[in-house]
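See below for the structure under consideration.
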Amino acid sequence: MAISALTLRLGDTARDARALVLKALEQGINSFQVDGASDALRQSAREAFASVERERLFITLRMRGEHQRDLASSFEALGLARADLVLINDPQGSTLPAPLEGDLRGMSGKPGLGVATRGDIHPALLDNDLLIAIASPFNLASGLADRQRLREAERRGLAVFGEDFWPQTLRDAGQTLPRPSLWRRRTDPLAGIGGYDFLHGTPDWSAEAICLAYALTEPAVTSVCVSVDAPADLPRLAAVVDRDLPDSLRAQIELARFSAQEREKAASRA
């Protein structure tokens, strides 16, 4: 099925998953990631999924730590016969835990396997025939390692769920940094330029919207994961999907990325 450009993450802090799911569907979002194990979340998500035709939804169940042993009970708690994707958080080693892999292979309508990580994925795990997707950070500040991970996933034909599109470092960027001194501007040609100040000073664009729009431009990313506190926040994010970044913003983004890379190189040589 076609997956929407945005995936709504439902965590333990979600106050009303049913209202969030229904509002998301109104905004053209059909992809949902259940990332929590509280009884309140599962009950609320169960009510949400039961009120919508299952064929309209792409549901990802994220499994963390000890909860990876409870795949069948997790499905049951959500009122699901299966999920479309089971996302394993940061697996260690070259193989899945044997009970988990056995559960996945033995289920009717075998769900796909996804791996969520900020590091390298073992080649043997990448070759597992169950694997159909990865979840990985991608944002304006992503370095070479994150970008190479996306390129490798794209080369293998894997779906990519982009995470952390608006990290804290970018939320703070440009708000508290002082203007570089005259001496520094003379000794460092990049001082005072190529920063992220534009995130908070671009007319008609919020920092959040710029970061989301940038993540959506990455061809390797299938869907960008978002989290909201209330249903009323969803239209603001959904509207970004249909907006194009102006050329002036694209230029500032590339300059900021280039400047950051050059400073990292200079720091490593010091």
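Letters A, B, ... mark the chains of the structure tokens in the order given; residue numbers begin at 1 per chain; ligand numbers begin at 1, in order shown.
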Self-check item: Contacts of Glu163 of chain A within 12 Å, only C-alpha atoms, excl. fewer than 2 positions in-chain, as an MDAnalysis selection string
Solution: chainID A and resid 6:9 33 116:118 134:140 142 146 150 160:161 165:167 211:212 215:216 221:227
Limited to N, CA and C atoms, could you put the picked residues into a file as an mmCIF file, in the first residue's frame?
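As written to disk, result-v3.cif reads:
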data_model
loop_
_atom_site.group_PDB
_atom_site.id
_atom_site.type_symbol
_atom_site.label_atom_id
_atom_site.label_comp_id
_atom_site.auth_asym_id
_atom_site.auth_seq_id
_atom_site.Cartn_x
_atom_site.Cartn_y
_atom_site.Cartn_z
ATOM 1 N N LEU A 6 4.226 11.372 5.952
ATOM 2 C CA LEU A 6 4.437 11.498 7.393
ATOM 3 C C LEU A 6 3.946 10.236 8.091
ATOM 4 N N THR A 7 4.659 9.829 9.103
ATOM 5 C CA THR A 7 4.248 8.734 9.981
ATOM 6 C C THR A 7 4.050 9.298 11.375
ATOM 7 N N LEU A 8 2.884 9.070 11.955
ATOM 8 C CA LEU A 8 2.585 9.591 13.286
ATOM 9 C C LEU A 8 3.038 8.586 14.340
ATOM 10 N N ARG A 9 3.937 9.029 15.205
ATOM 11 C CA ARG A 9 4.417 8.187 16.305
ATOM 12 C C ARG A 9 3.475 8.342 17.495
ATOM 13 N N GLN A 33 3.112 4.623 13.968
ATOM 14 C CA GLN A 33 4.094 3.824 14.698
ATOM 15 C C GLN A 33 3.713 3.800 16.177
ATOM 16 N N ALA A 116 15.673 -0.118 13.733
ATOM 17 C CA ALA A 116 15.861 1.288 14.094
ATOM 18 C C ALA A 116 17.224 1.445 14.746
ATOM 19 N N THR A 117 18.051 2.318 14.204
ATOM 20 C CA THR A 117 19.396 2.454 14.740
ATOM 21 C C THR A 117 20.001 3.812 14.394
ATOM 22 N N ARG A 118 20.963 4.224 15.222
ATOM 23 C CA ARG A 118 21.791 5.389 14.929
ATOM 24 C C ARG A 118 23.208 4.967 14.557
ATOM 25 N N ILE A 134 14.357 0.365 7.427
ATOM 26 C CA ILE A 134 15.134 0.844 8.561
ATOM 27 C C ILE A 134 14.517 2.152 9.036
ATOM 28 N N ALA A 135 14.802 2.500 10.277
ATOM 29 C CA ALA A 135 14.452 3.807 10.812
ATOM 30 C C ALA A 135 15.740 4.442 11.299
ATOM 31 N N SER A 136 16.008 5.659 10.858
ATOM 32 C CA SER A 136 17.291 6.280 11.142
ATOM 33 C C SER A 136 17.129 7.786 11.209
ATOM 34 N N PRO A 137 17.931 8.470 12.036
ATOM 35 C CA PRO A 137 17.853 9.933 12.082
ATOM 36 C C PRO A 137 18.233 10.545 10.742
ATOM 37 N N PHE A 138 17.516 11.608 10.378
ATOM 38 C CA PHE A 138 17.905 12.409 9.219
ATOM 39 C C PHE A 138 17.374 13.815 9.401
ATOM 40 N N ASN A 139 18.293 14.793 9.337
ATOM 41 C CA ASN A 139 17.913 16.188 9.499
ATOM 42 C C ASN A 139 18.994 17.086 8.901
ATOM 43 N N LEU A 140 18.814 18.390 9.036
ATOM 44 C CA LEU A 140 19.760 19.346 8.456
ATOM 45 C C LEU A 140 21.183 19.114 8.935
ATOM 46 N N SER A 142 22.538 16.240 9.877
ATOM 47 C CA SER A 142 23.027 14.863 9.727
ATOM 48 C C SER A 142 24.400 14.842 9.071
ATOM 49 N N ASP A 146 25.143 9.189 8.893
ATOM 50 C CA ASP A 146 23.696 9.073 8.702
ATOM 51 C C ASP A 146 23.339 9.016 7.220
ATOM 52 N N LEU A 150 21.556 5.899 4.871
ATOM 53 C CA LEU A 150 20.404 6.041 3.978
ATOM 54 C C LEU A 150 20.735 5.562 2.574
ATOM 55 N N VAL A 160 12.789 3.627 4.176
ATOM 56 C CA VAL A 160 13.487 4.375 5.227
ATOM 57 C C VAL A 160 12.492 5.276 5.943
ATOM 58 N N PHE A 161 12.406 5.128 7.255
ATOM 59 C CA PHE A 161 11.605 6.020 8.083
ATOM 60 C C PHE A 161 12.565 7.011 8.743
ATOM 61 N N PHE A 165 13.721 14.683 12.860
ATOM 62 C CA PHE A 165 13.868 15.709 11.825
ATOM 63 C C PHE A 165 14.167 17.086 12.408
ATOM 64 N N TRP A 166 13.830 17.293 13.687
ATOM 65 C CA TRP A 166 14.045 18.591 14.334
ATOM 66 C C TRP A 166 14.719 18.370 15.683
ATOM 67 N N PRO A 167 16.005 18.029 15.679
ATOM 68 C CA PRO A 167 16.706 17.713 16.931
ATOM 69 C C PRO A 167 16.893 18.953 17.805
ATOM 70 N N CYS A 211 12.834 22.461 8.901
ATOM 71 C CA CYS A 211 13.492 21.175 9.156
ATOM 72 C C CYS A 211 12.678 20.005 8.595
ATOM 73 N N LEU A 212 11.364 20.080 8.723
ATOM 74 C CA LEU A 212 10.523 19.008 8.190
ATOM 75 C C LEU A 212 10.557 19.005 6.670
ATOM 76 N N ALA A 215 13.760 17.412 5.470
ATOM 77 C CA ALA A 215 13.755 15.955 5.592
ATOM 78 C C ALA A 215 12.925 15.313 4.487
ATOM 79 N N LEU A 216 11.850 15.973 4.105
ATOM 80 C CA LEU A 216 10.961 15.432 3.070
ATOM 81 C C LEU A 216 11.591 15.476 1.680
ATOM 82 N N VAL A 221 14.239 8.765 1.797
ATOM 83 C CA VAL A 221 13.308 8.693 2.929
ATOM 84 C C VAL A 221 11.894 8.405 2.426
ATOM 85 N N THR A 222 11.321 7.312 2.903
ATOM 86 C CA THR A 222 9.970 6.920 2.523
ATOM 87 C C THR A 222 8.934 7.746 3.276
ATOM 88 N N SER A 223 9.157 7.937 4.576
ATOM 89 C CA SER A 223 8.202 8.644 5.424
ATOM 90 C C SER A 223 8.969 9.249 6.603
ATOM 91 N N VAL A 224 8.575 10.442 7.016
ATOM 92 C CA VAL A 224 9.222 11.122 8.136
ATOM 93 C C VAL A 224 8.351 10.960 9.381
ATOM 94 N N CYS A 225 8.948 10.499 10.470
ATOM 95 C CA CYS A 225 8.211 10.278 11.713
ATOM 96 C C CYS A 225 8.030 11.585 12.476
ATOM 97 N N VAL A 226 6.805 11.836 12.920
ATOM 98 C CA VAL A 226 6.499 13.052 13.678
ATOM 99 C C VAL A 226 5.745 12.669 14.949
ATOM 100 N N SER A 227 5.876 13.509 15.955
ATOM 101 C CA SER A 227 5.142 13.338 17.214
ATOM 102 C C SER A 227 4.456 14.651 17.546
#
Quiz item: Could you state the separation of atom CA of Leu144 of chain A and atom CA of Tyr214 of chain A in Å, given to one decimal place?
Solution: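 According to the coordinates, atom CA of Leu144 of chain A and atom CA of Tyr214 of chain A are separated by 16.3 Å.
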Quiz item: Counting only C-alpha atoms, what is within 10 Å of Ala37 of chain A, bar same-chain residues fewer than 4 positions away, as a list of chain:residue names?
Solution: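 What passes the distance filter is A:Gly11, A:Asp12, A:Leu41, A:Arg42, A:Arg62, A:Met63, A:Arg64, A:His67, A:Ser74, A:Ala77.
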Output the selection as a short mmCIF file (atom, residue, chain, number, x, y, z; two decimals), in the first residue's frame - N, CA and C atoms for each residue.
data_model
loop_
_atom_site.label_atom_id
_atom_site.label_comp_id
_atom_site.auth_asym_id
_atom_site.auth_seq_id
_atom_site.Cartn_x
_atom_site.Cartn_y
_atom_site.Cartn_z
N GLY A 11 3.36 7.47 21.28
CA GLY A 11 4.16 7.04 22.42
C GLY A 11 3.34 6.97 23.69
N ASP A 12 3.99 6.59 24.77
CA ASP A 12 3.28 6.44 26.04
C ASP A 12 2.71 7.76 26.55
N LEU A 41 -1.87 3.58 26.54
CA LEU A 41 -1.60 3.76 25.11
C LEU A 41 -2.22 2.63 24.29
N ARG A 42 -2.01 1.41 24.73
CA ARG A 42 -2.48 0.27 23.94
C ARG A 42 -4.00 0.23 23.87
N ARG A 62 6.80 -0.84 17.29
CA ARG A 62 8.21 -0.72 17.67
C ARG A 62 8.46 -1.49 18.96
N MET A 63 9.45 -2.36 18.91
CA MET A 63 9.77 -3.22 20.03
C MET A 63 11.11 -2.80 20.63
N ARG A 64 11.10 -2.56 21.93
CA ARG A 64 12.31 -2.14 22.63
C ARG A 64 12.62 -3.12 23.77
N HIS A 67 10.57 -6.03 25.80
CA HIS A 67 9.26 -6.18 25.16
C HIS A 67 9.36 -6.92 23.82
N SER A 74 1.61 -8.27 22.31
CA SER A 74 1.54 -6.86 21.90
C SER A 74 0.48 -6.68 20.82
N ALA A 77 -2.94 -6.99 22.46
CA ALA A 77 -3.30 -5.81 23.25
C ALA A 77 -3.80 -4.67 22.36
#
Quiz item: Between A:Phe75, A:Ile88, A:Ala232, A:Pro219, which has the minimum distance to Val21 of chain A (counting only C-alpha atoms)?
Solution: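 Among the listed residues, the smallest separation from Val21 of chain A belongs to A:Ala232.
Our summary of the geometry notes that atom CA of Ala24 of chain A is positioned 27.3 Å from atom CA of Thr202 of chain A.
Distance-wise, atom CA of Ser44 of chain A and atom CA of Ala17 of chain A end up 5.3 Å apart.
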Exercise. Determine which residues of segment 15-99 of chain A receive a DSSP assignment of helix (DSSP H, G or I), computed from the backbone, and state them as a ChimeraX atom specification.
Key: /A:17-26,39-50,54-56,65-69,71-77,98-99
Self-check item: Members of segment 2-237 of chain A assigned strand (DSSP E or B) by DSSP, as a ChimeraX atom specification
Solution: /A:6-11,31-35,58-63,85-89,112-116,131-137,159-163,223-226
Quiz prompt | Among the residues A:Ala40, A:Ile121, A:Leu71, A:Ala83, the one that comes closest to Gly102 of chain A [using only C-alpha atoms] | solution =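 Ranking A:Ala40, A:Ile121, A:Leu71, A:Ala83 by distance to Gly102 of chain A, first place goes to A:Leu71.
Ranking A:Gln168, A:Ser31, A:Gln261, A:Asn128 by their shortest atom-to-atom distance to Gly195 of chain A, with only C-alpha atoms included, puts A:Gln261 first.
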Quiz item: Using only C-alpha atoms, which of A:Ala72, A:Glu208, A:Asn30, A:Leu80 sits nearest Glu47 of chain A?
Solution: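 Selected residue with least distance to Glu47 of chain A: A:Leu80.
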